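Here's the structure, in structure tokens; my notes come after.
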Amino acid sequence: MTDVHTLRSRFDEPAPMTVGLEEEVMLLDAETLDLAPLGPDVLAALGPGARVKLEMPMAQLEVASAPAATVSEAVADLVEGRRAIAEAAAGLGARAVCLPVHPFADGEGPLNDAPRYAAIEHAHGMAARRQLLSALHVHVCVRGADRALAVYNALRSHLPDLAALAACAPYYEGRDTGLASVRPLLAALLPRQGIPPVLSSWEVYAEELEGTGDPAAWWWEMRPHRLHGTIELRAADVQAAPDDAAAIAAFAHALVAWLAARHDAGETLPLEETWRIDERRWAALRHGPVGSEERLTGIFDEIAPFAVEMGCVDELARARSLMGAGGPGAALRADAQGDARRATERLAERFAEDLRRAPTRA
């Protein structure tokens, strides 16, 4: 049972506004670059101590950072996790790469047989087997409980902004979908996806979690994390390049800090109707940041001072440059020129090259 007092206490414990990141890494056959269902084998090869765990698809693993003071520290953890997975995968004839959606593989694939995943597959069938999707989740620690709930409710309006900046999944099952990112449409095959509901109180949230039957199945694009005491933003596509992951995370970190400061100053943060947010969400997955530049520029200007406070000025500048270039998906589409296999090759090459260039921790 979800206890409202435990929920509140997670967010009332004093803590700084740290940032934590999670991302899913896909495993590909080294020769064909098709999905390779080797997650359990790669995890076994990693051994204890790695910040890596199984995810629902067998061809996927999740990397998580420790809570960090800055985005750059959190991304350094992700890079180490990527490197560990890539090295273990190589020993099994596989490659690792961060893909929001595989550009040419069959859209339905095998799932791990852990009890929770088996229950999801039993409940949702084909819809579960089509969740071959990878996202970048950004956890920001917001305390206390009432402040966190106010920030959560206001952040709903900005989920399309985050999704637009990160959109980079135009290819699916071998063709160009015409979308900046097809991933959100595929995620919506399962329930509790997309823009989350307004939460008027922690009592309401506790009731909603209890009503799912599985509190971890609160799969909206944002949620107050019941265990970590963070606001978890789940709207962004995973990024092939660590620098782009840092840019997206910096936007989220500074955005949360801006809203929290407005709340602290006594402002009643705005609540927007879900259908209006959904309109912008559709534009984000269709066009990425193209067409939203004026809105995004205004947000960048507002949150820039908080990037100084959060220590992510350079990363936020990169996020602004992503907007100016039409987002990471625009560069991929221009390079691949309609060829989904070429897109996969380019992303795998970039993933490997970034790991070669990244410094290794002592």
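Quick note on naming: the chains in the structure tokens go A, B, ... in the order shown, residues restart at 1 in each chain, and ligands are numbered from 1 in order of appearance.
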**OP:** Just the residues within 10 Å of A:Arg318, please, counting only C-alpha atoms, with nothing from its chain fewer than 4 positions along; format it as a count of residues only.
**Re:** 13
Original post:
DSSP on the backbone: what in stretch 22-127 of chain A comes out strand (DSSP E or B), as a ChimeraX atom specification?
Top reply: /A:22-29,35,52-54,57,60-64,68,94-97,101,111
Go ahead and save the picked residues with C-alpha atoms, as a PDB file, in the first residue's frame.
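Okay, this is what ended up in result-v9.pdb:
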ATOM      1  CA  GLU A  22      19.060   7.301 -16.424  1.00  0.00           C
ATOM      2  CA  GLU A  23      19.299   6.128 -20.003  1.00  0.00           C
ATOM      3  CA  GLU A  24      18.680   2.904 -21.894  1.00  0.00           C
ATOM      4  CA  VAL A  25      21.359   1.426 -24.136  1.00  0.00           C
ATOM      5  CA  MET A  26      20.474  -0.932 -26.984  1.00  0.00           C
ATOM      6  CA  LEU A  27      22.511  -3.982 -27.949  1.00  0.00           C
ATOM      7  CA  LEU A  28      23.119  -4.670 -31.630  1.00  0.00           C
ATOM      8  CA  ASP A  29      24.628  -7.545 -33.555  1.00  0.00           C
ATOM      9  CA  LEU A  35      18.852  -5.829 -32.272  1.00  0.00           C
ATOM     10  CA  VAL A  52      23.633  -1.097 -14.950  1.00  0.00           C
ATOM     11  CA  LYS A  53      20.468  -3.172 -14.752  1.00  0.00           C
ATOM     12  CA  LEU A  54      18.102  -5.111 -16.967  1.00  0.00           C
ATOM     13  CA  PRO A  57      13.429  -5.637 -23.680  1.00  0.00           C
ATOM     14  CA  GLN A  60      18.422  -3.290 -23.752  1.00  0.00           C
ATOM     15  CA  LEU A  61      20.183  -2.312 -20.527  1.00  0.00           C
ATOM     16  CA  GLU A  62      19.728   0.720 -18.309  1.00  0.00           C
ATOM     17  CA  VAL A  63      22.550   2.927 -17.017  1.00  0.00           C
ATOM     18  CA  ALA A  64      21.982   5.206 -14.020  1.00  0.00           C
ATOM     19  CA  ALA A  68      25.186  14.682  -8.684  1.00  0.00           C
ATOM     20  CA  ALA A  94      27.613  -7.234 -30.074  1.00  0.00           C
ATOM     21  CA  ARG A  95      27.781  -3.449 -30.096  1.00  0.00           C
ATOM     22  CA  ALA A  96      26.149  -0.898 -27.830  1.00  0.00           C
ATOM     23  CA  VAL A  97      24.420   2.283 -28.967  1.00  0.00           C
ATOM     24  CA  VAL A 101      13.983   3.526 -31.506  1.00  0.00           C
ATOM     25  CA  LEU A 111      11.241  -9.306 -23.327  1.00  0.00           C
TER      26      LEU A 111
END
Subject >> Surrounding residues of A:Leu332 excluding itself and chain neighbours under 2 positions, 9 Å, only C-alpha atoms, as a ChimeraX atom specification >> reply: /A:168-170,328-330,334-337,343,346-347
Original post:
Can you tell me, as a count of residues only, what residues are no more than 10 Å from A:Leu199 when counting only C-alpha atoms, ignoring any on the same chain fewer than 2 positions away?
Top reply: 15
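Residues surrounding stretch 116-127 of chain A within 7 Å are Met56, Leu189 and Leu190 of chain A [only C-alpha atoms; sequence separation below 5 positions excluded].
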**OP:** Tell me which of A:Glu80, A:Glu13, A:Glu207, A:Asp146 sits closest to A:Arg51, counting only C-alpha atoms.
**Re:** A:Glu80
With a cut-off of 10 Å, could you pull out the residues of stretch 96-182 of chain A touching stretch 292-299 of chain A and give me the nearest pair of atoms for each, distance in Å to one decimal, using only C-alpha atoms, ordered by chain and ascending number, as a tab-separated table?
residue	atom	partner	partner_atom	distance
A:His158	CA	A:Ile299	CA	9.4
A:Pro160	CA	A:Ser292	CA	10.0
A:Asp161	CA	A:Leu296	CA	6.9
A:Leu162	CA	A:Leu296	CA	9.5
A:Ala164	CA	A:Ser292	CA	8.3
A:Leu165	CA	A:Leu296	CA	8.9
Would you export the selected residues with N, CA and C atoms as an mmCIF file, in the first residue's frame, please?
data_model
loop_
_atom_site.group_PDB
_atom_site.id
_atom_site.type_symbol
_atom_site.label_atom_id
_atom_site.label_comp_id
_atom_site.auth_asym_id
_atom_site.auth_seq_id
_atom_site.Cartn_x
_atom_site.Cartn_y
_atom_site.Cartn_z
ATOM 1 N N HIS A 158 5.886 22.179 -19.716
ATOM 2 C CA HIS A 158 7.184 22.254 -20.384
ATOM 3 C C HIS A 158 7.678 20.900 -20.902
ATOM 4 N N PRO A 160 6.545 19.233 -23.498
ATOM 5 C CA PRO A 160 6.755 19.308 -24.946
ATOM 6 C C PRO A 160 8.015 20.067 -25.340
ATOM 7 N N ASP A 161 8.423 21.054 -24.537
ATOM 8 C CA ASP A 161 9.657 21.786 -24.832
ATOM 9 C C ASP A 161 10.861 20.855 -24.725
ATOM 10 N N LEU A 162 10.880 20.047 -23.674
ATOM 11 C CA LEU A 162 11.953 19.079 -23.482
ATOM 12 C C LEU A 162 11.943 18.040 -24.597
ATOM 13 N N ALA A 164 10.760 18.345 -27.627
ATOM 14 C CA ALA A 164 11.122 18.955 -28.908
ATOM 15 C C ALA A 164 12.636 19.068 -29.055
ATOM 16 N N LEU A 165 13.304 19.529 -28.000
ATOM 17 C CA LEU A 165 14.760 19.679 -28.052
ATOM 18 C C LEU A 165 15.459 18.340 -28.256
#
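In this structure, atom CA of A:Arg130 sits 12.1 Å away from atom CA of A:Ala59.
With distances restricted to only C-alpha atoms, A:Gly266 is the closest residue to A:Arg147 from A:Gly266, A:Gly211, A:Gly338, A:Pro67.
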**OP:** Could you pull out the residues in stretch 15-96 of chain A that DSSP calls helix (DSSP H, G or I) from the backbone, as JSON, numbers by chain?
**Re:** {"A": [39, 40, 41, 42, 43, 44, 45, 46, 71, 72, 73, 74, 75, 76, 77, 78, 79, 80, 81, 82, 83, 84, 85, 86, 87, 88, 89, 90]}
For the residues in the current selection, export N, CA and C atoms as a PDB file, in the first residue's frame.
ATOM      1  N   GLY A  39      20.815  -8.818 -23.335  1.00  0.00           N
ATOM      2  CA  GLY A  39      20.896  -8.054 -22.099  1.00  0.00           C
ATOM      3  C   GLY A  39      21.341  -8.864 -20.895  1.00  0.00           C
ATOM      4  N   PRO A  40      20.721 -10.008 -20.607  1.00  0.00           N
ATOM      5  CA  PRO A  40      21.151 -10.791 -19.443  1.00  0.00           C
ATOM      6  C   PRO A  40      22.601 -11.265 -19.556  1.00  0.00           C
ATOM      7  N   ASP A  41      23.050 -11.613 -20.776  1.00  0.00           N
ATOM      8  CA  ASP A  41      24.421 -12.086 -20.959  1.00  0.00           C
ATOM      9  C   ASP A  41      25.431 -10.966 -20.734  1.00  0.00           C
ATOM     10  N   VAL A  42      25.125  -9.784 -21.260  1.00  0.00           N
ATOM     11  CA  VAL A  42      26.024  -8.648 -21.065  1.00  0.00           C
ATOM     12  C   VAL A  42      26.069  -8.263 -19.595  1.00  0.00           C
ATOM     13  N   LEU A  43      24.918  -8.250 -18.928  1.00  0.00           N
ATOM     14  CA  LEU A  43      24.893  -7.913 -17.511  1.00  0.00           C
ATOM     15  C   LEU A  43      25.718  -8.908 -16.701  1.00  0.00           C
ATOM     16  N   ALA A  44      25.610 -10.192 -17.034  1.00  0.00           N
ATOM     17  CA  ALA A  44      26.396 -11.212 -16.329  1.00  0.00           C
ATOM     18  C   ALA A  44      27.892 -10.990 -16.549  1.00  0.00           C
ATOM     19  N   ALA A  45      28.280 -10.575 -17.768  1.00  0.00           N
ATOM     20  CA  ALA A  45      29.686 -10.333 -18.067  1.00  0.00           C
ATOM     21  C   ALA A  45      30.216  -9.107 -17.326  1.00  0.00           C
ATOM     22  N   LEU A  46      29.343  -8.162 -16.994  1.00  0.00           N
ATOM     23  CA  LEU A  46      29.781  -6.958 -16.288  1.00  0.00           C
ATOM     24  C   LEU A  46      30.197  -7.251 -14.853  1.00  0.00           C
ATOM     25  N   VAL A  71      25.240  18.534 -13.892  1.00  0.00           N
ATOM     26  CA  VAL A  71      24.957  17.663 -15.035  1.00  0.00           C
ATOM     27  C   VAL A  71      26.229  16.987 -15.535  1.00  0.00           C
ATOM     28  N   SER A  72      27.331  17.714 -15.573  1.00  0.00           N
ATOM     29  CA  SER A  72      28.570  17.128 -16.107  1.00  0.00           C
ATOM     30  C   SER A  72      29.011  15.927 -15.275  1.00  0.00           C
ATOM     31  N   GLU A  73      28.834  15.994 -13.948  1.00  0.00           N
ATOM     32  CA  GLU A  73      29.183  14.857 -13.100  1.00  0.00           C
ATOM     33  C   GLU A  73      28.272  13.668 -13.389  1.00  0.00           C
ATOM     34  N   ALA A  74      26.986  13.921 -13.566  1.00  0.00           N
ATOM     35  CA  ALA A  74      26.044  12.833 -13.847  1.00  0.00           C
ATOM     36  C   ALA A  74      26.329  12.199 -15.198  1.00  0.00           C
ATOM     37  N   VAL A  75      26.642  13.001 -16.192  1.00  0.00           N
ATOM     38  CA  VAL A  75      26.934  12.457 -17.520  1.00  0.00           C
ATOM     39  C   VAL A  75      28.223  11.637 -17.504  1.00  0.00           C
ATOM     40  N   ALA A  76      29.187  12.033 -16.683  1.00  0.00           N
ATOM     41  CA  ALA A  76      30.412  11.233 -16.566  1.00  0.00           C
ATOM     42  C   ALA A  76      30.083   9.820 -16.086  1.00  0.00           C
ATOM     43  N   ASP A  77      29.110   9.686 -15.178  1.00  0.00           N
ATOM     44  CA  ASP A  77      28.667   8.360 -14.754  1.00  0.00           C
ATOM     45  C   ASP A  77      28.064   7.584 -15.917  1.00  0.00           C
ATOM     46  N   LEU A  78      27.234   8.260 -16.731  1.00  0.00           N
ATOM     47  CA  LEU A  78      26.634   7.585 -17.878  1.00  0.00           C
ATOM     48  C   LEU A  78      27.702   7.090 -18.850  1.00  0.00           C
ATOM     49  N   VAL A  79      28.710   7.914 -19.068  1.00  0.00           N
ATOM     50  CA  VAL A  79      29.782   7.515 -20.001  1.00  0.00           C
ATOM     51  C   VAL A  79      30.485   6.263 -19.492  1.00  0.00           C
ATOM     52  N   GLU A  80      30.751   6.194 -18.205  1.00  0.00           N
ATOM     53  CA  GLU A  80      31.394   4.999 -17.660  1.00  0.00           C
ATOM     54  C   GLU A  80      30.495   3.781 -17.814  1.00  0.00           C
ATOM     55  N   GLY A  81      29.205   3.957 -17.620  1.00  0.00           N
ATOM     56  CA  GLY A  81      28.281   2.849 -17.828  1.00  0.00           C
ATOM     57  C   GLY A  81      28.220   2.422 -19.281  1.00  0.00           C
ATOM     58  N   ARG A  82      28.191   3.399 -20.180  1.00  0.00           N
ATOM     59  CA  ARG A  82      28.216   3.081 -21.614  1.00  0.00           C
ATOM     60  C   ARG A  82      29.469   2.284 -21.966  1.00  0.00           C
ATOM     61  N   ARG A  83      30.603   2.743 -21.449  1.00  0.00           N
ATOM     62  CA  ARG A  83      31.868   2.079 -21.773  1.00  0.00           C
ATOM     63  C   ARG A  83      31.864   0.636 -21.259  1.00  0.00           C
ATOM     64  N   ALA A  84      31.377   0.427 -20.050  1.00  0.00           N
ATOM     65  CA  ALA A  84      31.340  -0.922 -19.493  1.00  0.00           C
ATOM     66  C   ALA A  84      30.453  -1.835 -20.330  1.00  0.00           C
ATOM     67  N   ILE A  85      29.295  -1.336 -20.739  1.00  0.00           N
ATOM     68  CA  ILE A  85      28.389  -2.141 -21.559  1.00  0.00           C
ATOM     69  C   ILE A  85      29.025  -2.439 -22.904  1.00  0.00           C
ATOM     70  N   ALA A  86      29.623  -1.426 -23.534  1.00  0.00           N
ATOM     71  CA  ALA A  86      30.225  -1.619 -24.849  1.00  0.00           C
ATOM     72  C   ALA A  86      31.335  -2.658 -24.810  1.00  0.00           C
ATOM     73  N   GLU A  87      32.152  -2.616 -23.773  1.00  0.00           N
ATOM     74  CA  GLU A  87      33.258  -3.577 -23.674  1.00  0.00           C
ATOM     75  C   GLU A  87      32.741  -4.995 -23.432  1.00  0.00           C
ATOM     76  N   ALA A  88      31.752  -5.131 -22.557  1.00  0.00           N
ATOM     77  CA  ALA A  88      31.184  -6.456 -22.308  1.00  0.00           C
ATOM     78  C   ALA A  88      30.458  -6.987 -23.542  1.00  0.00           C
ATOM     79  N   ALA A  89      29.753  -6.105 -24.252  1.00  0.00           N
ATOM     80  CA  ALA A  89      29.023  -6.525 -25.447  1.00  0.00           C
ATOM     81  C   ALA A  89      29.983  -6.988 -26.535  1.00  0.00           C
ATOM     82  N   ALA A  90      31.116  -6.312 -26.673  1.00  0.00           N
ATOM     83  CA  ALA A  90      32.085  -6.683 -27.709  1.00  0.00           C
ATOM     84  C   ALA A  90      32.558  -8.116 -27.535  1.00  0.00           C
TER      85      ALA A  90
END
**OP:** Find the residues near stretch 103-108 of chain A: any atom within 6 Å, counting only C-alpha atoms, skip ones fewer than 3 places away on the same chain, and give them as a PyMOL selection string.
**Re:** chain A and resi 34+129-130+171-174+340
Writing out the chosen residues with N, CA and C atoms as a CSV table (one decimal), in the first residue's frame:
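And here is the file that came out, part18.csv:
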chain,number,residue,atom,x,y,z
A,34,ASP,N,21.4,-5.3,-36.4
A,34,ASP,CA,20.0,-5.6,-35.9
A,34,ASP,C,20.1,-5.7,-34.4
A,129,ARG,N,5.5,-5.9,-26.2
A,129,ARG,CA,6.6,-6.3,-27.0
A,129,ARG,C,7.1,-5.3,-28.0
A,130,ARG,N,6.3,-4.2,-28.1
A,130,ARG,CA,6.7,-3.1,-29.0
A,130,ARG,C,7.4,-2.0,-28.2
A,171,TYR,N,13.2,7.4,-37.8
A,171,TYR,CA,13.2,6.2,-38.6
A,171,TYR,C,12.6,5.1,-37.7
A,172,TYR,N,11.8,4.2,-38.4
A,172,TYR,CA,11.2,3.1,-37.7
A,172,TYR,C,10.8,2.0,-38.7
A,173,GLU,N,11.2,0.8,-38.4
A,173,GLU,CA,11.0,-0.4,-39.2
A,173,GLU,C,11.4,-0.1,-40.7
A,174,GLY,N,12.5,0.6,-40.8
A,174,GLY,CA,13.1,0.7,-42.1
A,174,GLY,C,12.7,1.9,-43.0
A,340,ALA,N,17.4,4.1,-43.5
A,340,ALA,CA,17.4,3.8,-42.1
A,340,ALA,C,18.6,3.0,-41.6
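Each of A:Leu92, A:Leu21, A:Ala240, A:Ala235 was compared to A:His139 using only C-alpha atoms, and A:Leu21 turns out to be the nearest.
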I want to know what sits within 10 Å of A:Leu159, based on only C-alpha atoms, with residues of the same chain fewer than 4 positions away left out; could you give that as a PDB file with N, CA and C atoms, in the first residue's frame?
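Generated file (around.pdb):
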ATOM      1  N   ALA A 154       3.441  22.590 -12.536  1.00  0.00           N
ATOM      2  CA  ALA A 154       3.814  23.603 -13.521  1.00  0.00           C
ATOM      3  C   ALA A 154       4.690  23.031 -14.627  1.00  0.00           C
ATOM      4  N   LEU A 155       5.523  22.050 -14.297  1.00  0.00           N
ATOM      5  CA  LEU A 155       6.412  21.438 -15.291  1.00  0.00           C
ATOM      6  C   LEU A 155       5.662  20.708 -16.394  1.00  0.00           C
ATOM      7  N   ALA A 163      10.770  17.540 -24.938  1.00  0.00           N
ATOM      8  CA  ALA A 163      10.657  16.534 -26.001  1.00  0.00           C
ATOM      9  C   ALA A 163      11.095  17.096 -27.355  1.00  0.00           C
ATOM     10  N   ALA A 164      10.760  18.345 -27.627  1.00  0.00           N
ATOM     11  CA  ALA A 164      11.122  18.955 -28.908  1.00  0.00           C
ATOM     12  C   ALA A 164      12.636  19.068 -29.055  1.00  0.00           C
ATOM     13  N   GLY A 194       2.282   9.785 -21.863  1.00  0.00           N
ATOM     14  CA  GLY A 194       2.044  11.157 -22.292  1.00  0.00           C
ATOM     15  C   GLY A 194       2.030  12.140 -21.135  1.00  0.00           C
ATOM     16  N   ILE A 195       1.251  13.202 -21.275  1.00  0.00           N
ATOM     17  CA  ILE A 195       1.213  14.273 -20.286  1.00  0.00           C
ATOM     18  C   ILE A 195       0.519  13.771 -19.021  1.00  0.00           C
ATOM     19  N   PRO A 196       1.166  13.890 -17.871  1.00  0.00           N
ATOM     20  CA  PRO A 196       0.569  13.362 -16.637  1.00  0.00           C
ATOM     21  C   PRO A 196      -0.540  14.275 -16.126  1.00  0.00           C
ATOM     22  N   GLU A 221       4.993  10.868 -18.712  1.00  0.00           N
ATOM     23  CA  GLU A 221       6.262  11.491 -19.104  1.00  0.00           C
ATOM     24  C   GLU A 221       6.898  12.295 -17.967  1.00  0.00           C
ATOM     25  N   MET A 222       6.262  12.292 -16.813  1.00  0.00           N
ATOM     26  CA  MET A 222       6.866  12.883 -15.614  1.00  0.00           C
ATOM     27  C   MET A 222       6.150  12.301 -14.404  1.00  0.00           C
ATOM     28  N   LEU A 233      11.673  13.537 -14.974  1.00  0.00           N
ATOM     29  CA  LEU A 233      11.207  13.942 -16.303  1.00  0.00           C
ATOM     30  C   LEU A 233      11.589  12.857 -17.300  1.00  0.00           C
ATOM     31  N   ARG A 234      10.590  12.324 -18.020  1.00  0.00           N
ATOM     32  CA  ARG A 234      10.761  11.129 -18.835  1.00  0.00           C
ATOM     33  C   ARG A 234      10.410  11.382 -20.309  1.00  0.00           C
ATOM     34  N   ALA A 235      10.346  12.648 -20.704  1.00  0.00           N
ATOM     35  CA  ALA A 235       9.843  12.987 -22.036  1.00  0.00           C
ATOM     36  C   ALA A 235      10.906  12.959 -23.127  1.00  0.00           C
ATOM     37  N   ALA A 236      12.188  12.936 -22.771  1.00  0.00           N
ATOM     38  CA  ALA A 236      13.259  13.124 -23.750  1.00  0.00           C
ATOM     39  C   ALA A 236      13.707  11.808 -24.373  1.00  0.00           C
ATOM     40  N   ALA A 252      16.646  20.698 -18.512  1.00  0.00           N
ATOM     41  CA  ALA A 252      15.709  20.244 -17.492  1.00  0.00           C
ATOM     42  C   ALA A 252      16.098  20.745 -16.102  1.00  0.00           C
ATOM     43  N   ILE A 277      -1.507  21.347 -23.674  1.00  0.00           N
ATOM     44  CA  ILE A 277      -0.150  20.793 -23.632  1.00  0.00           C
ATOM     45  C   ILE A 277      -0.008  19.702 -24.683  1.00  0.00           C
ATOM     46  N   ASP A 278      -1.039  18.889 -24.833  1.00  0.00           N
ATOM     47  CA  ASP A 278      -1.007  17.817 -25.835  1.00  0.00           C
ATOM     48  C   ASP A 278      -0.849  18.358 -27.254  1.00  0.00           C
ATOM     49  N   ARG A 280       0.910  20.971 -28.124  1.00  0.00           N
ATOM     50  CA  ARG A 280       2.332  21.266 -28.286  1.00  0.00           C
ATOM     51  C   ARG A 280       3.152  19.977 -28.301  1.00  0.00           C
ATOM     52  N   ARG A 281       2.720  18.985 -27.558  1.00  0.00           N
ATOM     53  CA  ARG A 281       3.427  17.700 -27.561  1.00  0.00           C
ATOM     54  C   ARG A 281       3.384  17.085 -28.963  1.00  0.00           C
ATOM     55  N   ALA A 284       5.806  18.816 -31.089  1.00  0.00           N
ATOM     56  CA  ALA A 284       7.178  18.446 -30.738  1.00  0.00           C
ATOM     57  C   ALA A 284       7.583  17.140 -31.395  1.00  0.00           C
TER      58      ALA A 284
END
Original post:
Using only C-alpha atoms, which of A:Leu99, A:Leu209, A:Val140, A:Val256 sits nearest A:Glu345?
Top reply: A:Leu99
Subject >> Pick from A:Ala307, A:Ala331, A:Ala317, A:Ala128 nearest to A:Trp258, counting only C-alpha atoms >> reply: A:Ala307
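The residue that comes closest to A:Leu38, out of A:Val151, A:Leu259, A:Val19, A:Met58 and on the basis of only C-alpha atoms, is A:Met58.
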